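A short worksheet on the structure shown next.
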Amino acid sequence: MKTIGLLGMGIWFAALPSGHATCVELPGDLNGSGDVTIVDIQCAILVSLWSLAEVGDVPACVVVPITDADVDCSGDINIVDVTVVIPAVLGSPLATTLDQDANGCVDVCQQDDGVCAAFECSAYPWDCCKPDVECSSDPCALSAACDGTPSCGGNPCPSGDGAACDDGDVCTVGEICGGGICGGGVAKACNDNDGCTTDECAPDVGCVFSAIAGCICKNPFGPEPSDCCLIHPTPNCQAKACATCVCDIDPFCCETSWDLSCVSATKTDCLFQCGCGLSKAGSCCTEHPLPLCNDLFCMSCVCDKNPACCETSWTQDCAVLATTASECANDCTCETEVPPTTPASVELCHIVGTAGQIVNCPFQLTRGYQYDPPPTGLQTNIAFDAKRLKLVGFYDWVCFGKDGTPPCFEVPVAGSGSFPLSTGHSITLSPSGLSAWQGWGGLLIVNVSKPMATLTTAWLDFCGFLHEDPKIFDVRFQVLSDIKTAGGVVVELSNFLVLSGWDMFGLKAWPEKNLLVMVEKSY
């Protein structure tokens, strides 16, 4: 039997058979009405909050098996399932990242169902069984538009005005043909988003970034500026073997910038040189249905002994090879492996004040890296000392003019009589009444009408400088008795999950800047 763990919070269901779940007849119909309606969205929100609370019975609105609430077949019931139910109610198709064959079923749910969909040949080639289709890691392999023609930057100007061309100047981009002459380009933008360097373009070499003497540059939550696994505006990356492999495939990556195509190569053709994307793969020490595992050196050894572990699935035989008693003992550490975890709780703010004083605790969220996707939803518990603090409410400045223009007012954004956030997101509380928050409660933030709407565009650069506004809302408290001790009273978050589209992130706190920073979630 397979178990479903709700956010790792101790609520378990031995309900799903081993392997992937399958699509139910009507995904999202939690109340068994025979249709998917706004009632099911409300029910999905209640189930997600129930899982967050860790206590009580399954909400009464759920009449189908509780495992059917795991609409995305992830093994967890959380805010992601809410965002899958919403398009079903609106009559909108699922995002292609979830449903590549557009059949209304999340792709993960239909793996191993005995039917081979076209998407499986590119996304899950180890599962593909479609006749006469050759599976390939080449993204063009299934495209009729791909004729195998290599890119031809710097070649002579093609015939015909308006065609793209290259004038040979590395500091210009966007040149086109006109009267047989290549020109009309614009200056290339050189910006490494590093506040401790100067940015300029040299005609002979391209972008040049020179360090500013005495400038201190550090982002404690972001990647190294030349991380091979992440997009960055400068060419090349810090791991020599990885850079060599990628640039042999696409010289652009070591000549101009490390863009999305370079990062894609680190996860496909150059996986064994780069190891990118393995952090979300299953543990090398346990059996799981997909190939690969989360330790590059261990995976390389095991797959050398048994190639099926990297091609078909990571079976029990693969896990046995990864134990320290096996031939891969020098590369695998399964007997002592401690998986990385995101923190169990983080500090939102510290409150000091005198009795009767009203104090705001800002909820400020930012990405740790410019190219991380922006947050679109969030769920968390909030804990505080009810003997010292009383929750007053949640507030945001909302503008009521056309397209978010004045007049603007500070309004309540959670609880009875509240307004949506300025981004259009709604906050649902558990308990629903503010007076019932006696030191603890949970909240869920989602935009029902526009599930992909961004909560904030804020991000940290490589030096830790903040860009854009991170403010989501204020949590407002009344001080019940004088708080004058150093550090004050701490307001904490726990069981948190940040949603970005269909990706999940954790949180870390940066107390010195009063910021919550999105970080890759560890499982």
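In the structure tokens, the first chain shown is A, the next is B, and so on; residue numbers restart at 1 for each chain, and ligands run from 1 in the order shown.
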
DSSP-assigned strand (DSSP E or B) among range 362-427 of chain A, expressed as an MDAnalysis selection string: chainID A and resid 362:367 377:383 389:399 408:412 426:427

Mind dumping the selected residues with N, CA, C and O atoms as a short mmCIF file (atom, residue, chain, number, x, y, z; two decimals), in the first residue's frame?
data_model
loop_
_atom_site.label_atom_id
_atom_site.label_comp_id
_atom_site.auth_asym_id
_atom_site.auth_seq_id
_atom_site.Cartn_x
_atom_site.Cartn_y
_atom_site.Cartn_z
N PRO A 362 4.84 43.01 9.49
CA PRO A 362 4.77 42.93 8.03
C PRO A 362 5.05 41.53 7.50
O PRO A 362 6.01 40.88 7.92
N PHE A 363 4.20 41.08 6.59
CA PHE A 363 4.42 39.81 5.90
C PHE A 363 5.03 40.15 4.55
O PHE A 363 4.33 40.55 3.61
N GLN A 364 6.37 40.03 4.45
CA GLN A 364 7.10 40.43 3.25
C GLN A 364 7.80 39.22 2.66
O GLN A 364 8.55 38.52 3.34
N LEU A 365 7.57 39.01 1.38
CA LEU A 365 8.05 37.80 0.69
C LEU A 365 8.83 38.18 -0.56
O LEU A 365 8.43 39.06 -1.32
N THR A 366 9.95 37.49 -0.78
CA THR A 366 10.76 37.75 -1.97
C THR A 366 11.36 36.45 -2.49
O THR A 366 11.52 35.48 -1.74
N ARG A 367 11.66 36.43 -3.77
CA ARG A 367 12.43 35.33 -4.34
C ARG A 367 13.89 35.50 -3.96
O ARG A 367 14.38 36.62 -3.84
N GLY A 377 0.76 31.59 -4.72
CA GLY A 377 -0.11 31.17 -3.64
C GLY A 377 0.72 30.79 -2.43
O GLY A 377 1.94 30.66 -2.51
N LEU A 378 0.04 30.61 -1.28
CA LEU A 378 0.78 30.36 -0.06
C LEU A 378 -0.13 29.77 0.99
O LEU A 378 -1.33 30.09 1.05
N GLN A 379 0.42 28.90 1.84
CA GLN A 379 -0.31 28.44 3.00
C GLN A 379 0.65 28.34 4.17
O GLN A 379 1.84 28.03 4.00
N THR A 380 0.19 28.64 5.38
CA THR A 380 1.06 28.61 6.56
C THR A 380 0.23 28.64 7.83
O THR A 380 -0.93 29.04 7.83
N ASN A 381 0.84 28.20 8.92
CA ASN A 381 0.31 28.44 10.26
C ASN A 381 1.02 29.64 10.85
O ASN A 381 2.19 29.90 10.54
N ILE A 382 0.35 30.38 11.72
CA ILE A 382 0.93 31.52 12.44
C ILE A 382 0.75 31.27 13.93
O ILE A 382 -0.37 30.96 14.38
N ALA A 383 1.82 31.39 14.70
CA ALA A 383 1.77 31.18 16.15
C ALA A 383 2.29 32.41 16.88
O ALA A 383 3.25 33.05 16.44
N LEU A 389 -0.20 39.03 23.29
CA LEU A 389 -0.66 39.65 22.05
C LEU A 389 -2.08 39.21 21.71
O LEU A 389 -2.47 38.07 21.97
N LYS A 390 -2.83 40.10 21.10
CA LYS A 390 -4.17 39.79 20.58
C LYS A 390 -4.18 40.10 19.09
O LYS A 390 -3.78 41.19 18.66
N LEU A 391 -4.62 39.13 18.28
CA LEU A 391 -4.70 39.35 16.83
C LEU A 391 -5.83 40.32 16.51
O LEU A 391 -6.99 40.08 16.87
N VAL A 392 -5.50 41.41 15.83
CA VAL A 392 -6.50 42.40 15.42
C VAL A 392 -7.01 42.10 14.02
O VAL A 392 -8.21 42.21 13.74
N GLY A 393 -6.11 41.71 13.10
CA GLY A 393 -6.54 41.40 11.74
C GLY A 393 -5.39 41.43 10.75
O GLY A 393 -4.23 41.59 11.12
N PHE A 394 -5.75 41.28 9.48
CA PHE A 394 -4.81 41.29 8.37
C PHE A 394 -5.19 42.44 7.44
O PHE A 394 -6.36 42.54 7.04
N TYR A 395 -4.22 43.30 7.08
CA TYR A 395 -4.55 44.53 6.36
C TYR A 395 -3.62 44.73 5.17
O TYR A 395 -2.45 44.33 5.18
N ASP A 396 -4.18 45.39 4.13
CA ASP A 396 -3.40 45.72 2.93
C ASP A 396 -3.94 47.02 2.37
O ASP A 396 -5.11 47.38 2.58
N TRP A 397 -3.09 47.75 1.66
CA TRP A 397 -3.55 48.95 0.95
C TRP A 397 -4.08 48.53 -0.42
O TRP A 397 -3.37 47.92 -1.21
N VAL A 398 -5.34 48.84 -0.68
CA VAL A 398 -6.00 48.45 -1.93
C VAL A 398 -6.50 49.71 -2.63
O VAL A 398 -7.12 50.58 -2.00
N CYS A 399 -6.23 49.80 -3.94
CA CYS A 399 -6.67 50.95 -4.74
C CYS A 399 -7.92 50.56 -5.52
O CYS A 399 -7.97 49.50 -6.15
N CYS A 408 -7.00 55.03 -2.81
CA CYS A 408 -6.49 53.83 -2.16
C CYS A 408 -6.75 53.92 -0.65
O CYS A 408 -6.64 55.01 -0.06
N PHE A 409 -7.09 52.81 -0.06
CA PHE A 409 -7.39 52.77 1.37
C PHE A 409 -6.78 51.51 1.99
O PHE A 409 -6.62 50.48 1.32
N GLU A 410 -6.47 51.58 3.27
CA GLU A 410 -6.05 50.40 4.01
C GLU A 410 -7.31 49.67 4.46
O GLU A 410 -8.16 50.25 5.16
N VAL A 411 -7.44 48.39 4.08
CA VAL A 411 -8.67 47.64 4.35
C VAL A 411 -8.32 46.27 4.92
O VAL A 411 -7.22 45.75 4.70
N PRO A 412 -9.26 45.66 5.65
CA PRO A 412 -9.04 44.28 6.11
C PRO A 412 -9.09 43.32 4.93
O PRO A 412 -9.92 43.46 4.03
N SER A 426 -7.26 36.01 -2.39
CA SER A 426 -8.10 35.97 -1.20
C SER A 426 -7.40 35.19 -0.10
O SER A 426 -6.68 34.22 -0.37
N ILE A 427 -7.60 35.62 1.16
CA ILE A 427 -7.05 34.93 2.31
C ILE A 427 -8.18 34.20 3.03
O ILE A 427 -9.17 34.81 3.42
#

Straight-line distance linking CA of Asp250 in chain A with CA of Cys229 in chain A, stated in Å to one decimal: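 Spanning CA of Asp250 in chain A to CA of Cys229 in chain A is a straight-line distance of 15.3 Å.
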
Close residues, Asp295 in chain A itself excluded, 10 Å, only C-alpha atoms, min 5 positions apart in chain, as a list in words: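 That gives Gly275, Leu278, Ser279, Ala281, Gly282, Ser283, Cys284, Cys285, Ser300, Asp331, Cys332 and Thr333 of chain A.
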
Quick one: write out the picked residues with N, CA, C and O atoms as a short mmCIF file (atom, residue, chain, number, x, y, z; two decimals), in the first residue's frame?
data_model
loop_
_atom_site.label_atom_id
_atom_site.label_comp_id
_atom_site.auth_asym_id
_atom_site.auth_seq_id
_atom_site.Cartn_x
_atom_site.Cartn_y
_atom_site.Cartn_z
N GLY A 275 24.73 17.30 -12.95
CA GLY A 275 23.91 16.89 -11.81
C GLY A 275 22.75 17.81 -11.50
O GLY A 275 22.17 17.72 -10.42
N LEU A 278 18.72 17.09 -9.88
CA LEU A 278 18.65 15.84 -9.13
C LEU A 278 18.12 16.03 -7.71
O LEU A 278 17.72 15.07 -7.06
N SER A 279 18.12 17.28 -7.20
CA SER A 279 17.67 17.49 -5.82
C SER A 279 16.22 17.09 -5.63
O SER A 279 15.79 16.77 -4.53
N ALA A 281 14.83 14.59 -7.40
CA ALA A 281 14.68 13.17 -7.69
C ALA A 281 14.55 12.40 -6.38
O ALA A 281 14.85 12.91 -5.30
N GLY A 282 14.11 11.16 -6.47
CA GLY A 282 13.96 10.36 -5.26
C GLY A 282 15.30 10.03 -4.63
O GLY A 282 16.37 10.17 -5.25
N SER A 283 15.27 9.58 -3.37
CA SER A 283 16.49 9.21 -2.67
C SER A 283 17.13 7.99 -3.32
O SER A 283 16.45 7.06 -3.76
N CYS A 284 18.46 7.99 -3.36
CA CYS A 284 19.19 6.83 -3.88
C CYS A 284 19.00 5.61 -2.98
O CYS A 284 19.19 4.48 -3.42
N CYS A 285 18.58 5.86 -1.75
CA CYS A 285 18.53 4.79 -0.75
C CYS A 285 17.21 4.05 -0.71
O CYS A 285 17.09 3.04 -0.01
N SER A 300 25.72 7.72 -10.45
CA SER A 300 26.64 7.32 -11.53
C SER A 300 27.17 5.92 -11.30
O SER A 300 27.25 5.11 -12.24
N ASP A 331 30.85 5.66 -2.97
CA ASP A 331 30.13 6.77 -3.59
C ASP A 331 28.78 7.06 -2.94
O ASP A 331 28.21 8.13 -3.12
N CYS A 332 28.23 6.09 -2.21
CA CYS A 332 26.90 6.24 -1.61
C CYS A 332 27.01 6.23 -0.09
O CYS A 332 27.86 5.56 0.48
N THR A 333 26.14 6.98 0.56
CA THR A 333 26.17 7.10 2.03
C THR A 333 24.79 6.81 2.61
O THR A 333 24.31 7.51 3.49
#

Computed interatomic separation between CA of Asp204 in chain A and CA of Lys240 in chain A (Å):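 That distance, rounded to one decimal, is 23.8 Å.
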
Which of range 242-410 of chain A fall in alpha helix (DSSP H), as an NGL selection string: :A and (242-249 or 252-255 or 260-266 or 271-274 or 296-305 or 308-311 or 316-321)

Straight-line distance linking CA of Asp269 in chain A with CA of Pro373 in chain A, stated in Å to one decimal: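 Straight-line distance from CA of Asp269 in chain A to CA of Pro373 in chain A works out to 24.0 Å.
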
Distance query Cys237 in chain A at most 7 Å, only C-alpha atoms, self and fewer than 4 positions along chain excluded, as a ChimeraX atom specification: /A:226-228,243

Residues from the last selection, C-alpha atoms, saved as an mmCIF file, in the first residue's frame:
data_model
loop_
_atom_site.group_PDB
_atom_site.id
_atom_site.type_symbol
_atom_site.label_atom_id
_atom_site.label_comp_id
_atom_site.auth_asym_id
_atom_site.auth_seq_id
_atom_site.Cartn_x
_atom_site.Cartn_y
_atom_site.Cartn_z
ATOM 1 C CA SER A 226 27.918 31.411 -12.020
ATOM 2 C CA ASP A 227 25.853 28.415 -10.843
ATOM 3 C CA CYS A 228 25.685 25.950 -13.759
ATOM 4 C CA ALA A 243 30.613 23.938 -18.767
#

Close residues, Val302 in chain A itself excluded, 7 Å, only C-alpha atoms, min 4 positions apart in chain, as a list of chain:residue names: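 Within the cut-off, the hits are A:Cys298, A:Asn306, A:Cys318, A:Leu321, A:Ala322, A:Cys328.
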
Residue contacts of Glu468 in chain A (7 Å, only C-alpha atoms) excluding same-chain residues fewer than 2 positions away, as a ChimeraX atom specification: /A:457-459,466,470

Could you save the residues just selected, with C-alpha atoms, as an mmCIF file, in the first residue's frame?
data_model
loop_
_atom_site.group_PDB
_atom_site.id
_atom_site.type_symbol
_atom_site.label_atom_id
_atom_site.label_comp_id
_atom_site.auth_asym_id
_atom_site.auth_seq_id
_atom_site.Cartn_x
_atom_site.Cartn_y
_atom_site.Cartn_z
ATOM 1 C CA THR A 457 7.579 40.392 -8.048
ATOM 2 C CA ALA A 458 10.288 41.094 -5.431
ATOM 3 C CA TRP A 459 13.691 39.403 -5.822
ATOM 4 C CA LEU A 466 16.203 43.833 -2.757
ATOM 5 C CA PRO A 470 7.986 42.470 -1.133
#

Residue nearest Lys471 in chain A among A:Ile445, A:Leu46, A:Cys254, A:Leu421 (counting only C-alpha atoms): A:Leu421

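With only C-alpha atoms taken into account, the protein and nucleic acid residues at most 9 Å from Ile45 in chain A (excluding it and anything under 5 positions from it in its own chain) are Asp40, Trp50, Asn78, Ile79, Asp81, Val82, Thr428 and Leu444 of chain A.
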
Of the listed residues A:Thr268, A:Asp72, A:Cys361, A:Pro451, that which approaches Ile472 in chain A most closely, counting only C-alpha atoms: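 The answer is A:Cys361, which sits nearest to Ile472 in chain A.
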